[in-house]
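Data from model.cif: mmCIF, C-alpha atoms and all ligand atoms
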data_run
loop_
_atom_site.label_atom_id
_atom_site.label_comp_id
_atom_site.auth_asym_id
_atom_site.auth_seq_id
_atom_site.Cartn_x
_atom_site.Cartn_y
_atom_site.Cartn_z
CA LYS O 1 -9.66 9.07 13.26
CA THR O 2 -10.61 5.58 14.35
CA SER O 3 -14.22 4.88 15.20
CA HIS O 4 -14.32 2.60 18.20
CA TYR O 5 -17.02 0.14 17.39
CA ARG O 6 -17.06 -3.32 18.85
CA ALA O 7 -16.26 -5.84 16.20
CA ASN O 8 -17.53 -8.91 18.01
CA CYS O 9 -21.21 -8.23 17.64
CA PHE O 10 -23.91 -8.91 15.07
CA CYS O 11 -25.42 -6.79 12.40
CA ASP O 12 -29.15 -6.20 12.13
CA PHE O 13 -29.09 -4.31 8.85
CA SER O 14 -31.55 -5.54 6.32
CA ILE O 15 -29.95 -6.99 3.24
CA ASP O 16 -31.17 -5.30 0.11
CA ARG O 17 -30.17 -7.36 -2.91
CA ASN O 18 -30.98 -4.44 -5.18
CA LEU O 19 -27.99 -2.64 -3.78
CA ARG O 20 -25.64 -4.73 -5.87
CA LYS O 21 -24.09 -1.98 -7.87
CA PRO O 22 -23.95 -2.07 -11.63
CA LYS O 23 -20.42 -2.84 -12.63
CA SER O 24 -18.60 -3.20 -15.87
CA THR O 25 -19.08 -6.84 -16.84
CA ASN O 26 -15.69 -6.82 -18.48
CA PHE O 27 -13.93 -6.04 -15.24
CA VAL O 28 -15.78 -8.75 -13.33
CA MET O 29 -15.07 -11.28 -16.06
CA ASP O 30 -11.39 -10.31 -16.20
CA THR O 31 -11.10 -10.82 -12.48
CA VAL O 32 -12.96 -14.10 -12.59
CA ASN O 33 -10.89 -15.37 -15.50
CA SER O 34 -7.66 -14.31 -13.90
CA LEU O 35 -8.52 -16.54 -10.94
CA GLY O 36 -9.19 -19.51 -13.13
CA THR O 37 -6.24 -21.56 -11.92
CA LEU O 38 -6.47 -20.72 -8.25
CA GLN O 39 -8.45 -23.44 -6.56
CA ASP O 40 -10.39 -23.64 -3.30
CA GLU O 41 -12.69 -21.32 -1.49
CA ALA O 42 -10.14 -18.49 -1.29
CA CYS O 43 -10.77 -18.02 -4.99
CA THR O 44 -14.54 -17.85 -4.53
CA ASP O 45 -14.13 -15.28 -1.75
CA VAL O 46 -11.90 -13.09 -3.88
CA ARG O 47 -14.28 -13.37 -6.79
CA SER O 48 -17.34 -12.40 -4.80
CA PHE O 49 -15.46 -9.56 -3.07
CA PHE O 50 -14.78 -7.94 -6.46
CA GLU O 51 -18.21 -8.72 -7.86
CA LEU O 52 -19.98 -7.06 -4.96
CA ALA O 53 -17.61 -4.16 -4.27
CA PRO O 54 -18.81 -0.67 -5.29
CA SER O 55 -17.31 0.31 -8.65
CA LEU O 56 -14.03 2.15 -8.55
CA LYS O 57 -14.58 5.76 -9.57
CA ASN O 58 -12.47 6.86 -12.55
CA ARG O 59 -11.41 3.27 -13.23
CA ASP O 60 -10.71 4.01 -16.90
CA THR O 61 -8.62 7.09 -16.17
CA ILE O 62 -6.60 5.26 -13.50
CA THR O 63 -6.06 2.28 -15.80
CA GLN O 64 -4.85 4.55 -18.57
CA LYS O 65 -2.43 6.39 -16.27
CA VAL O 66 -1.02 3.14 -14.88
CA ASN O 67 -0.63 1.55 -18.32
CA GLU O 68 1.15 4.65 -19.66
CA PHE O 69 3.44 4.74 -16.65
CA VAL O 70 4.30 1.05 -16.93
CA CYS O 71 4.86 1.38 -20.67
CA HIS O 72 7.13 4.42 -20.15
CA ASN O 73 9.19 2.39 -17.67
CA SER O 74 9.26 -0.89 -19.58
CA HIS O 75 12.34 -2.27 -21.33
CA SER O 76 10.94 -1.41 -24.72
CA SER O 77 10.86 2.28 -23.77
CA GLU O 78 13.50 4.18 -25.79
CA ASN O 79 15.33 5.95 -22.98
CA LEU O 80 14.78 3.73 -19.99
CA LYS O 81 15.54 5.62 -16.79
CA SER O 82 14.54 3.10 -14.13
CA ILE O 83 16.07 -0.21 -13.10
CA GLY O 84 12.72 -1.54 -11.94
CA VAL O 85 9.18 -0.47 -11.11
CA VAL O 86 7.91 -0.78 -7.56
CA CYS O 87 4.34 -0.42 -6.34
CA VAL O 88 4.52 1.00 -2.81
CA THR O 89 1.27 0.85 -0.83
CA SER O 90 0.97 3.18 2.12
CA GLY O 91 -1.46 4.27 4.85
CA GLY O 92 -4.46 2.47 6.29
CA THR O 93 -7.62 1.35 4.51
CA THR O 94 -11.02 2.28 5.92
CA VAL O 95 -14.06 0.07 6.29
CA PRO O 96 -17.24 2.12 5.79
CA LEU O 97 -20.20 1.25 8.00
CA GLU O 98 -22.75 3.08 5.86
CA GLN O 99 -22.98 3.43 2.08
CA ARG O 100 -23.39 7.17 2.49
CA CYS O 101 -20.55 7.01 4.89
CA VAL O 102 -20.53 8.94 8.15
CA ARG O 103 -18.75 6.30 10.25
CA TYR O 104 -15.89 4.01 9.36
CA ILE O 105 -13.36 1.71 10.98
CA ASP O 106 -9.77 2.70 10.33
CA ASN O 107 -6.44 0.89 10.35
CA PHE O 108 -3.37 2.23 12.07
CA SER O 109 -0.84 3.80 9.67
CA SER O 110 0.42 7.34 9.17
CA GLY O 111 1.89 6.50 5.76
CA ASN O 112 5.33 7.60 6.90
CA ARG O 113 6.99 4.27 6.07
CA GLY O 114 5.55 4.17 2.55
CA ALA O 115 6.43 7.81 1.87
CA ALA O 116 10.01 7.44 3.16
CA SER O 117 10.48 4.18 1.27
CA THR O 118 9.25 5.83 -1.95
CA GLU O 119 11.98 8.46 -1.63
CA TYR O 120 14.66 5.78 -1.12
CA PHE O 121 13.40 3.65 -4.02
CA LEU O 122 13.50 6.71 -6.30
CA LYS O 123 17.02 7.46 -5.10
CA ALA O 124 18.01 3.85 -5.89
CA GLY O 125 16.85 4.31 -9.49
CA TYR O 126 13.36 2.79 -9.36
CA ALA O 127 10.13 4.13 -10.81
CA VAL O 128 7.42 4.15 -8.13
CA ILE O 129 3.65 3.73 -8.22
CA PHE O 130 2.69 5.16 -4.84
CA VAL O 131 -0.75 3.86 -3.81
CA TYR O 132 -1.61 5.89 -0.72
CA ARG O 133 -4.41 6.67 1.68
CA ARG O 134 -5.85 10.16 1.01
CA GLY O 135 -4.49 12.60 3.59
CA SER O 136 -1.58 10.36 4.69
CA CYS O 137 2.15 11.27 4.60
CA GLN O 138 3.57 12.04 1.18
CA PRO O 139 7.07 11.57 -0.25
CA TYR O 140 9.26 14.67 0.14
CA CYS O 141 6.91 16.32 2.62
CA ARG O 142 6.68 13.68 5.30
CA TYR O 143 7.26 16.15 8.08
CA LEU O 144 4.62 18.62 7.02
CA PRO O 145 1.54 17.41 8.88
CA GLU O 146 3.23 17.89 12.26
CA ASP O 147 5.75 20.65 11.57
CA SER O 148 3.21 22.63 9.67
CA PHE O 149 4.35 24.09 6.37
CA LEU O 150 3.57 27.49 7.87
CA ASP O 151 6.78 27.09 9.90
CA PHE O 152 8.82 26.59 6.75
CA PHE O 153 7.99 30.02 5.36
CA GLY O 154 8.21 33.59 6.55
CA VAL O 155 7.13 36.98 5.26
CA SER O 156 9.90 39.43 4.29
CA GLU O 157 9.85 43.14 5.10
CA LYS O 158 8.50 43.73 1.59
CA GLY O 159 5.64 41.39 2.33
CA GLU O 160 6.97 38.60 0.10
CA ILE O 161 6.75 34.99 1.12
CA GLN O 162 10.12 33.30 1.47
CA VAL O 163 11.52 30.06 2.83
CA CYS O 164 13.10 30.56 6.24
CA GLN O 165 16.89 30.51 5.91
CA MET O 166 17.40 27.47 8.11
CA ASN O 167 14.96 25.37 6.02
CA ASP O 168 16.18 26.65 2.68
CA ARG O 169 18.27 23.60 1.74
CA VAL O 170 15.71 21.02 2.87
CA VAL O 171 12.83 22.70 1.02
CA LYS O 172 14.87 23.24 -2.17
CA THR O 173 16.06 19.61 -2.21
CA ALA O 174 12.56 18.25 -1.59
CA ILE O 175 10.95 20.36 -4.33
CA THR O 176 13.74 19.62 -6.82
CA GLU O 177 13.68 15.86 -6.21
CA TYR O 178 9.90 15.66 -6.28
CA HIS O 179 9.60 17.55 -9.59
CA SER O 180 12.47 15.63 -11.12
CA ALA O 181 10.74 12.31 -10.28
CA VAL O 182 7.37 13.42 -11.65
CA ASP O 183 8.76 15.18 -14.74
CA ASN O 184 10.83 12.13 -15.69
CA GLY O 185 7.81 9.86 -15.41
CA LEU O 186 9.24 8.04 -12.38
CA LEU O 187 6.53 8.75 -9.80
CA LEU O 188 2.83 8.08 -10.12
CA LYS O 189 0.56 8.71 -7.13
CA LEU O 190 -2.81 6.97 -6.76
CA PRO O 191 -5.05 7.70 -3.75
CA PHE O 192 -7.49 5.36 -1.99
CA THR O 193 -9.66 5.59 1.10
CA THR O 194 -11.68 2.40 1.50
CA ILE O 195 -10.70 -1.26 1.43
CA PHE O 196 -12.82 -1.57 -1.75
CA GLU O 197 -10.83 1.12 -3.56
CA TYR O 198 -7.50 -0.19 -2.28
CA LEU O 199 -7.96 -3.76 -3.48
CA GLN O 200 -9.37 -2.74 -6.86
CA ILE O 201 -6.46 -0.36 -7.45
CA LEU O 202 -3.95 -3.01 -6.35
CA GLN O 203 -5.50 -5.52 -8.75
CA LEU O 204 -5.43 -3.02 -11.59
CA VAL O 205 -1.80 -1.97 -10.94
CA ALA O 206 -0.61 -5.56 -10.52
CA THR O 207 -2.25 -6.72 -13.72
CA SER O 208 -0.63 -3.87 -15.62
CA MET O 209 2.77 -4.43 -13.97
CA SER O 210 2.76 -8.13 -14.85
CA SER O 211 4.14 -7.12 -18.27
CA LEU O 212 7.36 -6.04 -16.51
CA GLY O 213 8.09 -9.61 -15.38
CA PRO O 214 10.76 -9.80 -12.66
CA ARG O 215 11.53 -6.02 -12.95
CA GLY O 216 8.28 -5.41 -11.09
CA MET O 217 8.20 -5.25 -7.32
CA PHE O 218 5.43 -4.92 -4.72
CA TYR O 219 6.21 -3.30 -1.36
CA LEU O 220 2.97 -3.63 0.56
CA ALA O 221 3.36 -1.36 3.58
CA ALA O 222 -0.29 -0.26 3.72
CA ALA O 223 -2.21 -1.42 6.78
CA VAL O 224 -5.06 -3.37 5.26
CA SER O 225 -8.33 -4.14 7.06
CA ASP O 226 -8.86 -7.79 7.90
CA PHE O 227 -12.62 -7.32 8.42
CA TYR O 228 -15.25 -5.40 6.53
CA VAL O 229 -18.99 -4.93 5.98
CA PRO O 230 -19.93 -6.25 2.52
CA TRP O 231 -21.53 -3.52 0.42
CA GLU O 232 -24.82 -5.39 0.09
CA ASN O 233 -25.12 -5.80 3.88
CA MET O 234 -24.35 -2.16 4.57
CA ALA O 235 -26.93 0.37 5.74
CA THR O 236 -27.62 2.92 3.00
CA HIS O 237 -28.04 5.90 5.28
CA LYS O 238 -26.47 7.02 8.53
CA ILE O 239 -27.14 4.41 11.22
CA GLN O 240 -29.53 5.86 13.82
CA SER O 241 -28.60 5.74 17.47
CA THR O 242 -31.67 4.02 18.82
CA GLY O 243 -29.79 1.62 21.11
CA PRO O 244 -26.65 -0.53 21.11
CA LEU O 245 -25.20 -1.26 17.70
CA ASN O 246 -24.84 -4.90 16.71
CA MET O 247 -22.82 -5.61 13.62
CA ARG O 248 -21.16 -8.56 11.98
CA LEU O 249 -17.95 -8.06 10.05
CA SER O 250 -16.88 -10.45 7.30
CA GLN O 251 -13.29 -11.43 6.69
CA VAL O 252 -11.55 -9.61 3.84
CA PRO O 253 -10.33 -12.30 1.46
CA LYS O 254 -6.55 -12.61 1.38
CA MET O 255 -5.38 -11.18 -1.91
CA LEU O 256 -1.65 -11.70 -1.45
CA LEU O 257 -1.58 -15.19 -2.94
CA VAL O 258 -3.73 -14.06 -5.87
CA LEU O 259 -1.35 -11.16 -6.46
CA ARG O 260 1.66 -13.49 -6.39
CA LYS O 261 0.18 -16.34 -8.41
CA GLU O 262 -2.22 -14.68 -10.82
CA TRP O 263 -1.98 -10.91 -11.13
CA ALA O 264 1.80 -10.47 -11.39
CA PRO O 265 3.40 -13.91 -11.01
CA LEU O 266 6.98 -12.89 -11.84
CA ALA O 267 7.10 -9.74 -9.73
CA PHE O 268 9.15 -9.62 -6.52
CA GLY O 269 6.69 -9.55 -3.60
CA ILE O 270 7.35 -7.92 -0.22
CA SER O 271 4.62 -7.72 2.41
CA PHE O 272 4.60 -6.42 5.97
CA LYS O 273 3.41 -8.18 9.09
CA LEU O 274 2.35 -6.02 12.00
CA GLU O 275 1.67 -7.45 15.45
CA THR O 276 1.43 -6.06 18.95
CA ASP O 277 2.43 -9.32 20.67
CA PRO O 278 6.16 -9.92 20.13
CA LYS O 279 5.71 -13.61 21.01
CA ILE O 280 3.76 -14.36 17.82
CA LEU O 281 5.33 -11.89 15.38
CA ILE O 282 8.01 -14.06 13.76
CA GLU O 283 5.80 -17.13 13.66
CA LYS O 284 3.03 -15.12 11.92
CA ALA O 285 5.48 -13.51 9.50
CA ASN O 286 6.87 -16.93 8.59
CA ALA O 287 3.36 -18.22 8.02
CA SER O 288 2.69 -15.28 5.62
CA LEU O 289 5.91 -16.00 3.76
CA ARG O 290 4.87 -19.60 3.14
CA LYS O 291 1.12 -19.17 2.72
CA TYR O 292 1.24 -16.22 0.32
CA GLN O 293 4.55 -17.19 -1.28
CA MET O 294 6.07 -13.78 -0.73
CA HIS O 295 9.75 -13.24 -1.47
CA VAL O 296 10.22 -11.19 1.70
CA VAL O 297 8.05 -10.52 4.73
CA VAL O 298 9.04 -7.55 6.88
CA ALA O 299 7.99 -8.26 10.46
CA ASN O 300 7.43 -5.32 12.77
CA GLU O 301 5.95 -4.77 16.17
CA LEU O 302 3.76 -1.77 16.87
CA ALA O 303 5.82 -0.61 19.86
CA THR O 304 9.17 -0.60 18.00
CA TYR O 305 8.38 -0.47 14.26
CA LYS O 306 10.30 2.76 13.73
CA THR O 307 13.53 1.39 15.13
CA GLU O 308 13.49 -2.36 14.46
CA VAL O 309 12.23 -4.72 11.77
CA VAL O 310 13.07 -8.32 10.85
CA LEU O 311 13.30 -9.32 7.19
CA LEU O 312 12.40 -12.94 6.45
CA ALA O 313 13.32 -13.99 2.93
CA PHE O 314 12.03 -16.92 0.86
CA ASP O 315 15.56 -18.41 0.69
CA GLY O 316 15.71 -18.68 4.49
CA ARG O 317 17.69 -15.51 5.20
CA VAL O 318 16.62 -13.68 8.35
CA LEU O 319 17.97 -10.15 8.87
CA THR O 320 17.29 -7.90 11.82
CA ILE O 321 17.57 -4.22 10.98
CA ARG O 322 17.91 -1.68 13.74
CA LYS O 323 18.10 2.05 13.76
CA GLN O 324 20.88 2.61 16.25
CA ASP O 325 21.98 5.68 18.14
CA GLU O 326 25.55 5.11 17.01
CA ASP O 327 24.54 5.26 13.30
CA GLU O 328 26.57 7.91 11.42
CA ASN O 329 23.44 9.92 11.06
CA ALA O 330 21.26 9.17 14.06
CA ASN O 331 18.32 10.84 12.31
CA ALA O 332 18.53 8.60 9.22
CA ASP O 333 15.33 6.65 8.65
CA ILE O 334 15.31 2.91 9.16
CA GLU O 335 13.70 2.74 5.68
CA LYS O 336 17.07 3.72 4.17
CA LYS O 337 18.57 0.43 5.43
CA ILE O 338 15.47 -1.61 4.55
CA ILE O 339 15.38 -0.37 0.95
CA LYS O 340 19.10 -0.93 0.44
CA ILE O 341 18.76 -4.60 1.39
CA LEU O 342 15.58 -5.10 -0.65
CA VAL O 343 17.09 -3.48 -3.74
CA ASP O 344 20.05 -5.91 -3.47
CA MET O 345 17.71 -8.88 -3.06
CA HIS O 346 15.65 -7.75 -6.04
CA SER O 347 18.78 -7.42 -8.24
CA GLU O 348 19.82 -10.96 -7.28
CA TYR O 349 16.32 -12.09 -8.17
CA MET O 350 16.40 -10.34 -11.57
CA GLU O 351 19.83 -11.86 -12.27
CA THR O 352 18.45 -15.38 -11.87
CA PHE O 353 16.09 -14.62 -14.76
CA ALA O 354 18.83 -13.04 -16.87
CA LYS O 355 20.86 -16.28 -16.60
CA GLU O 356 18.01 -18.47 -17.80
C1 LIG O 401 3.15 -2.25 8.41
O1 LIG O 401 3.39 -3.13 9.19
C2 LIG O 401 3.88 -0.91 8.41
O2 LIG O 401 5.22 -1.09 8.73
C3 LIG O 401 3.24 0.14 9.39
C4 LIG O 401 3.92 1.49 9.10
C5 LIG O 401 1.74 0.25 9.13
C6 LIG O 401 3.48 -0.28 10.83
P1 LIG O 401 3.37 4.05 9.36
O3 LIG O 401 2.54 4.06 8.12
O4 LIG O 401 3.39 2.51 9.90
O5 LIG O 401 4.79 4.47 9.10
O6 LIG O 401 2.72 4.83 10.49
N1 LIG O 401 2.21 -2.43 7.43
C7 LIG O 401 1.45 -3.64 7.21
C8 LIG O 401 0.31 -3.80 8.15
C9 LIG O 401 -0.66 -4.88 7.72
O7 LIG O 401 -1.82 -4.59 7.61
N2 LIG O 401 -0.21 -6.09 7.45
C10 LIG O 401 -1.12 -7.21 7.24
C11 LIG O 401 -1.04 -8.07 8.47
O8 LIG O 401 -0.22 -7.78 9.38
C12 LIG O 401 -0.66 -8.01 6.05
S1 LIG O 401 -1.00 -7.21 4.54
O9 LIG O 401 -1.80 -9.04 8.57
#
Exercise: express the given structure as structure tokens:
Amino acid sequence: KTSHYRANCFCDFSIDRNLRKPKSTNFVMDTVNSLGTLQDEACTDVRSFFELAPSLKNRDTITQKVNEFVCHNSHSSENLKSIGVVCVTSGGTTVPLEQRCVRYIDNFSSGNRGAASTEYFLKAGYAVIFVYRRGSCQPYCRYLPEDSFLDFFGVSEKGEIQVCQMNDRVVKTAITEYHSAVDNGLLLKLPFTTIFEYLQILQLVATSMSSLGPRGMFYLAAAVSDFYVPWENMATHKIQSTGPLNMRLSQVPKMLLVLRKEWAPLAFGISFKLETDPKILIEKANASLRKYQMHVVVANELATYKTEVVLLAFDGRVLTIRKQDEDENANADIEKKIIKILVDMHSEYMETFAKE
């Protein structure tokens, strides 16, 4: 999926100022106003990122869905079924290289962690807004892309399609749990592809979830691009191969602090730190914890992320979680353990507000 372009080169595309897309002034003003108290250049970067990003398609429909979902799961709702609402982000964001995109840079992530975590959050009694990369792993059918769904079914002698006996229980449980979550208004799925869509959706969800106060939680497992081509610098049409390609990538402004301080200041924030060099992982994760004022940073290394993660909490706790062969169920996902600990930390956090 990944396009292997060199990132350390310079872009020759002409900058066409007229490409600044028309955008709802309200949205831009909301974003700008919401950053009012955040000082320094980070704020300016965030502001100009949103001002210049291509408009999110179906923004109004998405906003309406999110607001309804949040309202349904808020304390004022008559028959509240969830203990909290968590926004799980999952999969990698793309960075388009052309406005009519043929090529893009991708970020590593299958979406398995986000999909598995969504299932465990639902099991723990949470409502989940699952913000996922189109085509990535989905809750309750995480195994389908590899073990094709064709293997789950067979054709009977009468020519009817039926679930193969050995998969019967797994398929029935998955379908039942999925429909129960959706029918009870506990699972909302929102797809993204590009970094522009991802950050606009995150902003929109966070702003809506701010009304939930400390019952809101962000579990940011998506692999988010650090570099991008600003829309106004991007070639309109497919880049022609007339020689080596020189391009300059800008840094994606860090939105985590804005999320924590402005968009949803009382929500419990969990972000992930991915590194390939084990020597810098914990140091980088700690820096994220402090810089972006997260409540928990989950540090993982590319080579071992399925079997080992380290949780660094804002109160100084450091917990290493391992998926071990001697676990009762050796096939159990590491996410089961991660979510259990995070749910406990979130309850402690909510209790501190209840006491006040
Ligand atoms: C992660 O570190 C996730 O655990 C994985 C999950 C992407 C490794 P899969 O989807 O993999 O199960 O295949 N996500 C965060 C990666 C990231 O982009 N973090 C940023 C950073 O490290 C901070 S937001 O700088």
### Task
Could you tell me, counting all atoms listed in the file, which protein and nucleic acid residues lie no more than 10 Å from ligand LIG 401 (chain O), written as JSON, numbers by chain?
{"O": [89, 90, 91, 92, 93, 107, 108, 109, 110, 111, 112, 113, 114, 115, 116, 117, 132, 133, 136, 137, 219, 220, 221, 222, 223, 224, 225, 226, 254, 255, 256, 270, 271, 272, 273, 274, 275, 276, 281, 284, 285, 288, 297, 298, 299, 300, 301, 302, 303, 304, 305, 306, 309, 335]}
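The neighbours of Ser77 (chain O) here are the residues that come within 12 Å of it, using all atoms listed in the file and leaving out any residue fewer than 5 positions away in the same chain; they are O:Glu68, O:Phe69, O:Val70, O:Cys71, O:His72, O:Ser82, O:Gly185, O:Leu212.
Selection around (13.9, -5.5, 11.0) with radius 6 Å, counting only C-alpha atoms, yields the residues Glu308, Val309, Val310, Leu311, Thr320 and Ile321 of chain O.
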### Query
Can you list, as a ChimeraX atom specification, every protein, DNA or RNA residue that comes within 8 Å of Val163 (chain O) when you count all atoms listed in the file, leaving out same-chain residues fewer than 5 positions away?
/O:152-154,168,171
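Of the listed residues O:Leu97, O:Ile83, O:Asn67, O:Asn233, the one whose atoms come nearest to Thr207 (chain O) is O:Asn67, with distances taken using only C-alpha atoms.
When CA of Gly216 (chain O) is paired with CA of Val46 (chain O), their separation reads 22.8 Å.
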With the cut-off set at 10 Å and counting only C-alpha atoms, tabulate each residue of region 164-264 of chain O with an atom at most that distance from an atom of region 118-129 of chain O, showing the nearest atom pair and its distance in Å to one decimal, ordered by chain and increasing number, as a tab-separated table.
residue	atom	partner	partner_atom	distance
O:Ala174	CA	O:Glu119	CA	9.8
O:Glu177	CA	O:Glu119	CA	8.9
O:Tyr178	CA	O:Glu119	CA	8.8
O:Ala181	CA	O:Leu122	CA	7.4
O:Val182	CA	O:Ala127	CA	9.7
O:Asn184	CA	O:Ala127	CA	9.4
O:Gly185	CA	O:Ala127	CA	7.7
O:Leu186	CA	O:Ala127	CA	4.3
O:Leu187	CA	O:Val128	CA	5.0
O:Leu188	CA	O:Ile129	CA	4.8
O:Lys189	CA	O:Ile129	CA	6.0
O:Leu190	CA	O:Ile129	CA	7.4
O:Val205	CA	O:Ile129	CA	8.3
O:Arg215	CA	O:Tyr126	CA	9.7
O:Gly216	CA	O:Ala127	CA	9.7
O:Met217	CA	O:Val128	CA	9.5
O:Phe218	CA	O:Ile129	CA	9.5
O:Tyr219	CA	O:Thr118	CA	9.6
